[in-house]
$ cat model_7.cif   # mmCIF, C-alpha atoms
data_final
loop_
_atom_site.label_atom_id
_atom_site.label_comp_id
_atom_site.auth_asym_id
_atom_site.auth_seq_id
_atom_site.Cartn_x
_atom_site.Cartn_y
_atom_site.Cartn_z
CA MET A 1 155.64 84.37 207.44
CA ARG A 2 154.47 82.80 204.17
CA THR A 3 156.37 85.46 202.21
CA LEU A 4 159.56 84.66 204.10
CA SER A 5 159.04 80.94 203.47
CA ILE A 6 158.58 81.51 199.74
CA ALA A 7 161.63 83.80 199.61
CA ALA A 8 163.76 81.21 201.40
CA ARG A 9 162.52 78.49 199.07
CA CYS A 10 163.37 80.67 196.04
CA LEU A 11 166.95 80.92 197.30
CA VAL A 12 167.16 77.15 197.69
CA VAL A 13 165.78 76.63 194.17
CA LEU A 14 168.21 79.14 192.69
CA PHE A 15 171.10 77.54 194.60
CA VAL A 16 170.30 74.04 193.31
CA LEU A 17 169.73 75.22 189.74
CA PHE A 18 172.96 77.26 189.79
CA PHE A 19 175.03 74.23 190.78
CA ALA A 20 173.18 72.09 188.23
CA LEU A 21 174.11 74.59 185.52
CA ALA A 22 177.71 74.69 186.77
CA GLY A 23 177.85 70.89 186.67
CA TYR A 24 176.49 70.86 183.13
CA LEU A 25 179.05 73.42 181.94
CA PHE A 26 181.88 71.51 183.63
CA ALA A 27 180.77 68.31 181.88
CA ARG A 28 180.73 70.13 178.54
CA VAL A 29 184.24 71.49 179.11
CA ALA A 30 185.34 67.94 179.99
CA GLY A 31 184.23 66.81 176.54
CA HIS A 32 180.78 65.34 177.22
CA GLY A 33 177.83 66.08 174.97
CA ARG A 34 179.62 66.56 171.68
CA SER A 35 176.62 65.59 169.54
CA GLU A 36 173.18 67.14 169.82
CA ARG A 37 171.70 63.86 171.07
CA ASP A 38 174.39 63.49 173.73
CA ARG A 39 173.89 67.12 174.82
CA ASP A 40 170.17 66.55 175.26
CA ALA A 41 170.84 63.39 177.27
CA LEU A 42 173.36 65.25 179.46
CA ARG A 43 170.90 68.10 180.02
CA GLY A 44 168.23 65.58 180.93
CA ARG A 45 170.42 63.80 183.50
CA VAL A 46 171.51 67.07 185.11
CA LEU A 47 167.94 68.35 185.20
CA ALA A 48 166.59 65.09 186.67
CA ARG A 49 169.14 65.21 189.51
CA ALA A 50 168.29 68.84 190.26
CA LEU A 51 164.54 68.20 190.30
CA GLU A 52 165.01 65.20 192.58
CA ARG A 53 166.95 67.34 195.05
CA LEU A 54 164.20 69.98 195.04
CA GLY A 55 161.48 67.60 196.17
CA ALA A 56 157.92 66.53 195.43
CA THR A 57 156.66 69.38 193.26
CA PHE A 58 159.73 69.47 191.09
CA VAL A 59 159.82 65.69 190.74
CA LYS A 60 156.21 65.74 189.57
CA LEU A 61 157.08 68.57 187.17
CA GLY A 62 159.83 66.39 185.73
CA GLN A 63 157.47 63.43 185.43
CA ILE A 64 154.96 65.50 183.48
CA ALA A 65 157.70 67.05 181.34
CA ALA A 66 158.74 63.48 180.46
CA THR A 67 155.30 63.09 178.85
CA ARG A 68 155.66 66.17 176.62
CA PRO A 69 157.64 65.08 173.53
CA ASP A 70 156.07 68.03 171.70
CA VAL A 71 158.01 70.44 173.95
CA PHE A 72 161.20 68.58 174.92
CA PRO A 73 163.56 66.46 172.80
CA PRO A 74 163.86 62.68 173.39
CA GLY A 75 167.16 62.90 175.28
CA ILE A 76 165.56 65.04 177.96
CA THR A 77 162.26 63.14 178.22
CA THR A 78 164.10 59.81 178.50
CA ALA A 79 166.27 61.08 181.36
CA LEU A 80 163.30 62.59 183.18
CA ALA A 81 161.31 59.36 182.86
CA ARG A 82 163.43 57.77 185.60
CA LEU A 83 161.76 60.10 188.11
CA HIS A 84 158.67 57.89 187.86
CA ASP A 85 160.20 55.28 190.13
CA ALA A 86 163.44 56.61 191.60
CA VAL A 87 162.26 58.82 194.48
CA PRO A 88 163.79 58.29 197.97
CA PRO A 89 161.13 57.18 200.52
CA ALA A 90 160.05 59.10 203.61
CA ALA A 91 160.79 57.72 207.08
CA PHE A 92 158.24 55.20 208.38
CA GLU A 93 157.66 57.39 211.44
CA GLU A 94 156.13 60.00 209.13
CA VAL A 95 153.88 57.34 207.59
CA GLU A 96 152.65 56.35 211.04
CA ARG A 97 151.87 59.98 211.90
CA VAL A 98 149.73 60.37 208.77
CA LEU A 99 147.87 57.12 209.47
CA ALA A 100 147.18 58.16 213.06
CA LYS A 101 145.82 61.51 211.92
CA GLU A 102 143.71 60.17 209.05
CA LEU A 103 142.22 56.98 210.50
CA PRO A 104 140.12 56.84 213.67
CA PRO A 105 141.47 54.34 216.25
CA GLU A 106 138.91 51.65 215.42
CA ARG A 107 139.80 51.79 211.73
CA ARG A 108 143.54 52.03 212.36
CA ALA A 109 143.19 48.86 214.44
CA ARG A 110 142.13 47.00 211.29
CA LEU A 111 145.69 47.30 210.00
CA ARG A 112 147.20 44.30 211.74
CA SER A 113 150.66 44.89 210.30
CA ILE A 114 152.46 47.25 207.91
CA GLU A 115 155.88 46.63 206.39
CA PRO A 116 158.15 49.61 207.21
CA VAL A 117 159.98 49.48 203.87
CA PRO A 118 157.73 50.75 201.06
CA VAL A 119 157.20 48.73 197.91
CA ALA A 120 157.08 51.99 195.91
CA ALA A 121 157.88 55.64 196.59
CA ALA A 122 156.73 58.56 194.48
CA SER A 123 156.84 62.33 194.75
CA VAL A 124 153.52 62.75 196.59
CA ALA A 125 153.06 59.41 198.35
CA GLN A 126 154.51 55.98 198.98
CA VAL A 127 152.99 52.51 199.16
CA HIS A 128 153.44 49.98 201.95
CA ARG A 129 152.36 46.34 202.04
CA GLY A 130 150.06 45.49 204.95
CA VAL A 131 147.72 42.86 206.36
CA LEU A 132 144.19 43.53 207.65
CA ASP A 133 142.47 41.92 210.62
CA ASP A 134 140.66 39.54 208.25
CA GLY A 135 143.93 38.38 206.70
CA SER A 136 143.60 40.40 203.47
CA VAL A 137 146.91 41.55 202.02
CA VAL A 138 146.65 45.22 201.07
CA ALA A 139 148.61 48.04 199.52
CA ILE A 140 148.44 51.18 201.66
CA LYS A 141 149.17 54.42 199.82
CA VAL A 142 150.10 57.18 202.27
CA GLN A 143 150.65 60.80 201.36
CA ARG A 144 153.95 62.33 202.44
CA LEU A 145 153.59 64.30 205.67
CA ARG A 146 154.61 67.71 204.35
CA ALA A 147 153.70 67.21 200.70
CA GLU A 148 150.74 69.60 200.59
CA ALA A 149 152.52 72.54 202.26
CA GLN A 150 155.61 72.08 200.08
CA ILE A 151 153.59 71.82 196.90
CA GLU A 152 151.51 74.95 197.56
CA ARG A 153 154.66 76.97 198.27
CA ASP A 154 156.36 75.72 195.13
CA LEU A 155 153.30 76.34 192.97
CA ALA A 156 153.35 79.98 194.01
CA ILE A 157 156.95 80.18 192.80
CA PHE A 158 156.07 78.42 189.54
CA GLY A 159 153.28 80.90 188.85
CA VAL A 160 155.59 83.89 189.17
CA GLY A 161 158.33 82.22 187.14
CA ALA A 162 155.95 81.23 184.34
CA ARG A 163 154.67 84.78 183.95
CA LEU A 164 158.22 86.11 183.76
CA VAL A 165 159.38 83.55 181.18
CA ASP A 166 156.22 84.09 179.13
CA ARG A 167 157.41 87.63 178.40
CA LEU A 168 160.19 86.19 176.24
CA PRO A 169 158.94 86.27 172.61
CA ARG A 170 160.35 82.83 171.73
CA MET A 171 158.59 81.21 174.70
CA ARG A 172 155.07 82.52 174.13
CA TRP A 173 154.12 79.65 171.81
CA VAL A 174 154.58 77.26 174.76
CA SER A 175 151.87 79.12 176.77
CA LEU A 176 153.79 78.49 179.98
CA PRO A 177 151.34 80.17 182.41
CA GLY A 178 148.55 77.96 181.09
CA MET A 179 150.74 74.89 181.44
CA VAL A 180 151.53 75.84 185.05
CA GLU A 181 147.83 76.31 185.79
CA ARG A 182 147.03 72.85 184.42
CA PHE A 183 150.00 71.38 186.28
CA ALA A 184 148.82 73.00 189.53
CA ALA A 185 145.29 71.67 189.05
CA ALA A 186 146.59 68.15 188.33
CA LEU A 187 148.94 68.20 191.31
CA ARG A 188 146.27 69.46 193.71
CA ALA A 189 143.98 66.72 192.45
CA GLN A 190 146.65 64.15 193.29
CA LEU A 191 146.70 65.43 196.85
CA ASP A 192 143.09 64.31 197.27
CA PHE A 193 143.05 60.52 197.31
CA GLY A 194 139.25 60.66 197.24
CA LEU A 195 139.58 61.67 193.59
CA GLU A 196 141.92 58.76 192.93
CA ALA A 197 139.36 56.42 194.49
CA SER A 198 136.74 57.91 192.16
CA ASN A 199 139.04 57.35 189.17
CA ASN A 200 139.51 53.77 190.31
CA ARG A 201 135.77 53.15 190.42
CA ARG A 202 135.19 54.75 187.03
CA LEU A 203 137.87 52.67 185.33
CA ALA A 204 136.53 49.55 187.03
CA LYS A 205 133.13 50.34 185.52
CA ASN A 206 134.61 51.04 182.07
CA PHE A 207 136.35 47.65 182.02
CA ALA A 208 133.62 45.65 183.74
CA GLY A 209 133.00 43.78 180.49
CA ASP A 210 136.66 42.91 179.89
CA ALA A 211 137.74 39.68 181.54
CA ARG A 212 141.47 40.47 181.16
CA VAL A 213 141.64 44.06 182.50
CA ARG A 214 140.99 45.26 186.03
CA VAL A 215 141.96 47.76 188.73
CA PRO A 216 142.66 47.00 192.43
CA ASP A 217 139.62 46.65 194.69
CA LEU A 218 139.35 49.38 197.32
CA HIS A 219 138.76 49.01 201.07
CA ASP A 220 136.50 52.04 201.35
CA ASP A 221 136.51 52.23 205.16
CA LEU A 222 140.29 52.66 205.08
CA CYS A 223 140.35 55.34 202.38
CA THR A 224 140.60 59.05 203.21
CA ARG A 225 141.87 62.20 201.56
CA ARG A 226 145.48 61.20 202.38
CA VAL A 227 145.31 57.39 202.73
CA LEU A 228 144.21 54.86 200.13
CA THR A 229 143.92 51.18 201.00
CA MET A 230 143.42 48.63 198.24
CA GLU A 231 144.10 45.00 197.47
CA PHE A 232 147.74 44.14 196.99
CA ILE A 233 148.36 43.04 193.42
CA ASP A 234 150.72 40.10 193.15
CA GLY A 235 152.02 41.01 189.73
CA VAL A 236 155.09 41.50 187.62
CA LYS A 237 156.30 44.11 185.19
CA PRO A 238 155.87 43.39 181.47
CA THR A 239 159.56 42.56 181.09
CA GLU A 240 159.26 39.75 183.68
CA VAL A 241 156.46 37.78 182.01
CA THR A 242 157.50 34.33 180.77
CA GLU A 243 154.21 32.65 179.72
CA GLY A 244 151.25 33.77 177.63
CA ARG A 245 153.14 36.78 176.38
CA GLU A 246 151.26 37.16 173.08
CA GLU A 247 147.81 37.09 174.74
CA LEU A 248 148.87 39.56 177.41
CA ALA A 249 150.35 41.87 174.79
CA LEU A 250 147.00 41.98 173.01
CA ALA A 251 145.10 42.49 176.26
CA GLY A 252 147.32 45.41 177.31
CA LEU A 253 147.13 47.06 173.91
CA ARG A 254 143.36 46.70 173.72
CA CYS A 255 143.06 48.13 177.23
CA ILE A 256 144.88 51.31 176.27
CA ALA A 257 143.12 51.56 172.90
CA GLN A 258 139.75 51.46 174.67
CA MET A 259 140.78 54.23 177.08
CA VAL A 260 142.21 56.39 174.31
CA PHE A 261 139.71 56.02 171.47
CA LEU A 262 136.40 54.94 173.04
CA ASP A 263 136.18 56.03 176.68
CA GLY A 264 138.16 59.27 176.41
CA PHE A 265 139.18 58.67 180.04
CA VAL A 266 142.88 57.92 180.09
CA HIS A 267 145.44 56.99 182.73
CA ALA A 268 147.61 60.13 182.51
CA ASP A 269 150.63 58.76 184.39
CA MET A 270 151.08 55.87 182.02
CA HIS A 271 154.46 54.16 182.13
CA PRO A 272 155.39 50.46 182.31
CA GLY A 273 155.59 50.57 186.12
CA ASN A 274 151.89 51.45 186.34
CA LEU A 275 150.80 48.55 184.13
CA LEU A 276 151.13 45.29 186.06
CA LEU A 277 150.49 41.80 184.80
CA SER A 278 148.99 39.79 187.65
CA ARG A 279 149.92 36.18 188.25
CA ASP A 280 146.33 35.14 187.55
CA GLY A 281 146.55 36.54 184.01
CA HIS A 282 145.06 40.05 184.29
CA VAL A 283 146.33 43.39 183.06
CA VAL A 284 146.03 45.66 186.12
CA LEU A 285 146.10 49.47 186.04
CA ILE A 286 147.56 51.02 189.20
CA ASP A 287 148.41 54.50 190.53
CA LEU A 288 145.29 56.20 189.20
CA GLY A 289 145.71 59.62 190.77
CA LEU A 290 146.38 61.39 187.48
CA VAL A 291 143.90 60.88 184.67
CA ALA A 292 143.01 62.88 181.58
CA GLU A 293 139.55 63.15 180.14
CA ILE A 294 139.40 64.16 176.50
CA PRO A 295 136.49 66.61 176.23
CA GLU A 296 133.82 65.16 173.94
CA PRO A 297 133.99 68.15 171.54
CA MET A 298 137.71 67.39 170.98
CA ARG A 299 137.42 63.63 170.42
CA LYS A 300 136.53 63.91 166.74
CA ALA A 301 139.59 66.11 166.09
CA TRP A 302 141.86 63.75 168.03
CA VAL A 303 140.67 60.63 166.23
CA GLU A 304 140.90 62.27 162.78
CA THR A 305 144.44 63.51 163.47
CA PHE A 306 145.58 60.11 164.71
CA VAL A 307 144.01 58.41 161.68
CA ALA A 308 145.87 60.84 159.41
CA VAL A 309 149.19 60.05 161.11
CA ALA A 310 148.52 56.29 161.01
CA ALA A 311 147.60 56.55 157.31
CA CYS A 312 150.76 58.62 156.62
CA ASP A 313 148.57 61.44 155.23
CA GLY A 314 150.84 64.42 155.83
CA VAL A 315 148.44 67.06 154.50
CA ARG A 316 145.60 66.04 156.82
CA ALA A 317 147.90 65.43 159.79
CA ALA A 318 149.52 68.87 159.49
CA GLN A 319 146.11 70.49 159.16
CA GLY A 320 144.77 68.70 162.24
CA PHE A 321 147.73 69.57 164.44
CA TYR A 322 147.76 73.21 163.30
CA GLU A 323 144.04 73.96 163.41
CA TYR A 324 143.49 72.56 166.91
CA ALA A 325 146.75 73.73 168.50
CA PRO A 326 146.15 75.84 171.65
CA THR A 327 148.87 78.22 170.49
CA VAL A 328 151.02 78.66 167.40
CA GLY A 329 154.24 80.64 167.29
CA ASP A 330 154.23 84.07 165.67
CA ASP A 331 157.11 82.89 163.50
CA THR A 332 155.43 79.66 162.33
CA ASP A 333 155.58 79.16 158.56
CA TYR A 334 152.65 76.85 157.77
CA ASP A 335 153.94 75.80 154.36
CA ALA A 336 157.29 74.77 155.85
CA PHE A 337 155.53 73.00 158.72
CA GLU A 338 153.25 71.10 156.34
CA ALA A 339 156.17 70.16 154.10
CA ASP A 340 158.09 68.69 157.05
CA VAL A 341 155.06 66.66 158.20
CA ILE A 342 154.48 65.36 154.67
CA ALA A 343 158.15 64.43 154.25
CA HIS A 344 158.19 62.61 157.60
CA LEU A 345 155.08 60.56 156.88
CA ASP A 346 156.09 59.94 153.25
CA ASP A 347 159.28 58.38 154.58
CA LEU A 348 157.19 56.00 156.68
CA LYS A 349 155.11 55.03 153.63
CA GLY A 350 158.13 53.44 152.01
CA ARG A 351 158.70 50.97 154.84
CA PRO A 352 157.28 47.45 155.09
CA LEU A 353 154.00 47.36 157.00
CA ALA A 354 155.53 45.19 159.72
CA ASP A 355 158.17 47.86 160.40
CA LEU A 356 155.72 50.73 160.92
CA GLU A 357 155.55 51.81 164.56
CA VAL A 358 153.50 54.38 166.46
CA THR A 359 156.70 55.42 168.23
CA GLY A 360 158.38 56.50 165.00
CA ALA A 361 155.32 58.13 163.48
CA VAL A 362 154.31 60.12 166.57
CA GLY A 363 157.84 60.80 167.83
CA GLY A 364 158.87 62.29 164.50
CA ALA A 365 155.71 64.39 164.35
CA MET A 366 156.42 65.75 167.85
CA ALA A 367 159.90 66.83 166.77
CA ILE A 368 158.39 68.74 163.85
CA LEU A 369 155.84 70.42 166.11
CA ARG A 370 158.65 71.58 168.42
CA LYS A 371 160.65 72.88 165.47
CA HIS A 372 157.77 74.96 164.12
CA HIS A 373 156.37 76.09 167.48
CA VAL A 374 153.00 74.38 167.04
CA GLN A 375 151.69 73.36 170.44
CA VAL A 376 149.65 70.21 170.95
CA ASP A 377 146.51 70.10 173.05
CA PRO A 378 147.62 68.63 176.44
CA SER A 379 144.95 65.92 176.31
CA PHE A 380 146.42 64.76 172.99
CA THR A 381 149.90 64.38 174.46
CA VAL A 382 148.51 62.16 177.21
CA VAL A 383 146.86 59.77 174.77
CA GLN A 384 149.90 59.81 172.51
CA LEU A 385 152.06 58.80 175.46
CA ALA A 386 149.59 56.04 176.33
CA MET A 387 149.88 54.69 172.78
CA LEU A 388 153.68 54.81 172.95
CA VAL A 389 153.58 52.87 176.23
CA ALA A 390 151.14 50.38 174.70
CA GLU A 391 153.45 49.80 171.78
CA GLY A 392 156.54 49.53 173.98
CA VAL A 393 154.94 47.03 176.35
CA GLY A 394 153.33 45.10 173.50
CA LYS A 395 156.60 44.78 171.59
CA GLN A 396 158.40 43.61 174.73
CA LEU A 397 155.88 40.82 175.16
CA ASP A 398 155.43 40.00 171.47
CA PRO A 399 157.93 41.50 168.98
CA SER A 400 155.72 40.47 166.07
CA LEU A 401 152.73 42.46 167.36
CA ASP A 402 151.14 44.66 164.66
CA VAL A 403 150.02 47.66 166.74
CA LEU A 404 148.18 49.50 163.98
CA ALA A 405 146.21 46.39 163.00
CA CYS A 406 145.18 45.88 166.63
CA VAL A 407 143.95 49.43 167.17
CA ALA A 408 142.23 49.71 163.76
CA PRO A 409 138.86 48.35 165.05
CA TYR A 410 138.91 50.86 167.90
CA LEU A 411 139.67 53.70 165.48
CA ALA A 412 136.81 52.62 163.23
CA GLN A 413 134.41 52.48 166.16
CA ALA A 414 135.61 55.86 167.46
CA SER A 415 135.18 57.44 164.02
CA ALA A 416 131.57 56.25 164.00
CA MET A 417 130.99 57.48 167.56
CA TRP A 418 132.51 60.95 167.30
CA THR A 419 130.93 62.45 164.19
CA THR A 420 130.62 66.02 165.50
CA GLY A 421 133.03 68.14 167.47
CA ALA A 422 134.49 71.53 168.26
CA ALA A 423 135.29 73.97 165.49
CA PRO A 424 139.01 74.48 164.75
CA ARG A 425 140.78 77.21 166.71
CA ARG A 426 142.12 78.57 163.42
CA LYS A 427 142.17 77.64 159.73
CA ALA A 428 145.26 76.42 157.99
CA PRO A 429 146.43 79.03 155.45
CA GLY A 430 144.84 78.51 152.07
CA ARG A 431 142.11 76.19 153.44
CA ALA A 432 138.68 77.72 153.53
CA SER A 433 136.89 74.61 154.81
#
$ encode --input "model_7.cif" --output "structure tokens"
Amino acid sequence: MRTLSIAARCLVVLFVLFFALAGYLFARVAGHGRSERDRDALRGRVLARALERLGATFVKLGQIAATRPDVFPPGITTALARLHDAVPPAAFEEVERVLAKELPPERRARLRSIEPVPVAAASVAQVHRGVLDDGSVVAIKVQRLRAEAQIERDLAIFGVGARLVDRLPRMRWVSLPGMVERFAAALRAQLDFGLEASNNRRLAKNFAGDARVRVPDLHDDLCTRRVLTMEFIDGVKPTEVTEGREELALAGLRCIAQMVFLDGFVHADMHPGNLLLSRDGHVVLIDLGLVAEIPEPMRKAWVETFVAVAACDGVRAAQGFYEYAPTVGDDTDYDAFEADVIAHLDDLKGRPLADLEVTGAVGGAMAILRKHHVQVDPSFTVVQLAMLVAEGVGKQLDPSLDVLACVAPYLAQASAMWTTGAAPRRKAPGRAS
């Protein structure tokens, strides 16, 4: 029966992808996508629509792909980023069925009311506003009824597809089977809300000494593997803040810098929608199901590489990316790769300090890595994305914000903390030490 289900699902996937390809080709014939940038944007839009039609697993795949600027060009990642908050909700009847199954009657009775229309809907779950018997206003995150069965079936298809694509010589540098394995592990972790609750508690502990940063408080008796009940945050998105913008910009940036450089425990689904600014003046991290922990042996390499990029030191940056890359293409020419990194960072050196941005430095480096088939450690891409979000949010709140100056103390502290680490996976050609 499972085999028939997987076979039927394969046909559906092929059907959707075929019509997506046909739509893309029709758009090209109609004159869209004349420039490379426009073609990438068109591909991204077509792909996002197809993934949305295919459901939870594919939406999550698109969300993660949106965080991989080392693999996909900006036009595609930008289009896929909309999948973070543009997923149609499930019917409220399905939500009620999950609640009835997960919560014993005496606990379910604590939920005095639940608003049928969700305040947010994602690929695996959706969030409803509710009120408890003590009057507390809560956010109730409920897993989609058929999410687990759908995801396991789709992951089986992904595994087969990844092994087939990996046989293509030009795709081996991507290490697709390994990426699918990590994706599967991350997605299965998101199906267990107990892990998200654990992430919540750990981040709360990490920021216990910061008066401006917090996470929602949990109602532990109303949390299960498929239901998570927490305080409802009365907050706004960064773009909606009108007062105290400069202070909040600093608080948000310092929050992400601490996660990235000091704690090594990073919100891995970082986008502006998951960073709320509460009405009482706090930066609040939400949706903590997907986190990345940078292994301690890799923290020294990460910090040194980021310092090299920030200092516009192309030789050291190229060396760091290359020596710690999980895979490097068979056709990679190190000298050409190094020359491109040096040229990119040298171009940044000539700009006024106030004009230097993490987005430009890291985004350009990612394009070079794609060009030369040098993969980036997945944990690095998560922290790079977090820094890009930090800069984007910070600049929205305070256009004069100097990101590099703000993170410099965290980099200095991290450099002092992480003095030893893992040996490089390979040596850059011509470098014996």
$ closest_residue --input "model_7.cif" --among "A:His271, A:Lys237, A:Arg182, A:Arg212" --to "Cys255 in chain A" --atoms "all atoms listed in the file"
A:Arg212
$ residues_near_point --input "model_7.cif" --point "(153.6, 62.6, 201.2)" --cutoff "9 Å" --atoms "only C-alpha atoms" --output "PyMOL selection string"
chain A and resi 56+90+94-95+98+122-126+142-148+191+226
$ closest_residue --input "model_7.cif" --among "A:Ile256, A:Val16, A:Ala311, A:Val284" --to "Ala211 in chain A" --atoms "only C-alpha atoms"
A:Val284
$ residues_near_point --input "model_7.cif" --point "(136.5, 48.5, 208.4)" --cutoff "9 Å" --atoms "only C-alpha atoms" --output "PyMOL selection string"
chain A and resi 106-108+110+219-222
$ atom_distance --input "model_7.cif" --atom1 "CA of Pro73 in chain A" --atom2 "CA of Arg153 in chain A"
29.0 Å
$ closest_residue --input "model_7.cif" --among "A:Pro74, A:Arg316, A:Leu401, A:Gly421" --to "Pro295 in chain A" --atoms "all atoms listed in the file"
A:Gly421
$ residues_around --input "model_7.cif" --residues "Ile233 in chain A" --least-positions-apart "5" --cutoff "10 Å" --atoms "only C-alpha atoms" --output "list of chain:residue names"
A:Val137, A:Val138, A:Ala139, A:Val215, A:Pro216, A:Asp217, A:Leu276, A:Leu277, A:Ser278, A:Arg279, A:Val284, A:Ile286
$ resolve_selection --input "model_7.cif" --expression "the PyMOL selection byres ((chain A and resi 132) around 8)" --output "list in words"
Arg110, Leu111, Arg112, Ser113, Gly130, Val131, Asp133, Asp134, Gly135, Ser136, Val137 and Val138 of chain A
$ decode --input "model_7.cif" --residues "range 180-225 of chain A" --atoms "C-alpha atoms" --output "tab-separated table (two decimals), in the first residue's frame"
chain	number	residue	atom	x	y	z
A	180	VAL	CA	18.44	15.77	1.62
A	181	GLU	CA	19.51	13.85	4.72
A	182	ARG	CA	20.01	17.09	6.64
A	183	PHE	CA	16.72	18.45	5.30
A	184	ALA	CA	14.92	15.27	6.40
A	185	ALA	CA	16.44	15.45	9.87
A	186	ALA	CA	15.48	19.13	10.23
A	187	LEU	CA	11.94	18.53	8.99
A	188	ARG	CA	11.38	15.55	11.29
A	189	ALA	CA	12.64	17.66	14.17
A	190	GLN	CA	10.03	20.29	13.32
A	191	LEU	CA	7.33	17.66	13.62
A	192	ASP	CA	8.18	17.24	17.30
A	193	PHE	CA	7.05	20.38	19.10
A	194	GLY	CA	8.76	19.07	22.23
A	195	LEU	CA	12.05	19.95	20.54
A	196	GLU	CA	10.77	23.43	19.74
A	197	ALA	CA	9.83	23.87	23.40
A	198	SER	CA	13.38	22.81	24.32
A	199	ASN	CA	14.80	25.35	21.86
A	200	ASN	CA	12.58	27.99	23.42
A	201	ARG	CA	13.89	27.25	26.90
A	202	ARG	CA	17.51	27.23	25.76
A	203	LEU	CA	17.22	30.59	24.02
A	204	ALA	CA	15.42	32.01	27.05
A	205	LYS	CA	18.39	30.93	29.16
A	206	ASN	CA	20.92	32.35	26.69
A	207	PHE	CA	19.24	35.77	26.78
A	208	ALA	CA	18.34	35.80	30.47
A	209	GLY	CA	20.84	38.61	31.02
A	210	ASP	CA	19.54	40.78	28.16
A	211	ALA	CA	16.72	43.09	29.18
A	212	ARG	CA	15.70	43.81	25.56
A	213	VAL	CA	15.52	40.27	24.10
A	214	ARG	CA	13.13	37.48	25.01
A	215	VAL	CA	11.13	34.50	23.73
A	216	PRO	CA	7.45	33.72	24.45
A	217	ASP	CA	6.69	32.02	27.78
A	218	LEU	CA	5.35	28.48	27.42
A	219	HIS	CA	2.29	26.94	29.07
A	220	ASP	CA	3.89	23.55	29.65
A	221	ASP	CA	0.68	21.70	30.54
A	222	LEU	CA	-0.73	22.60	27.12
A	223	CYS	CA	2.33	21.58	25.12
A	224	THR	CA	2.61	18.19	23.40
A	225	ARG	CA	4.40	16.70	20.43
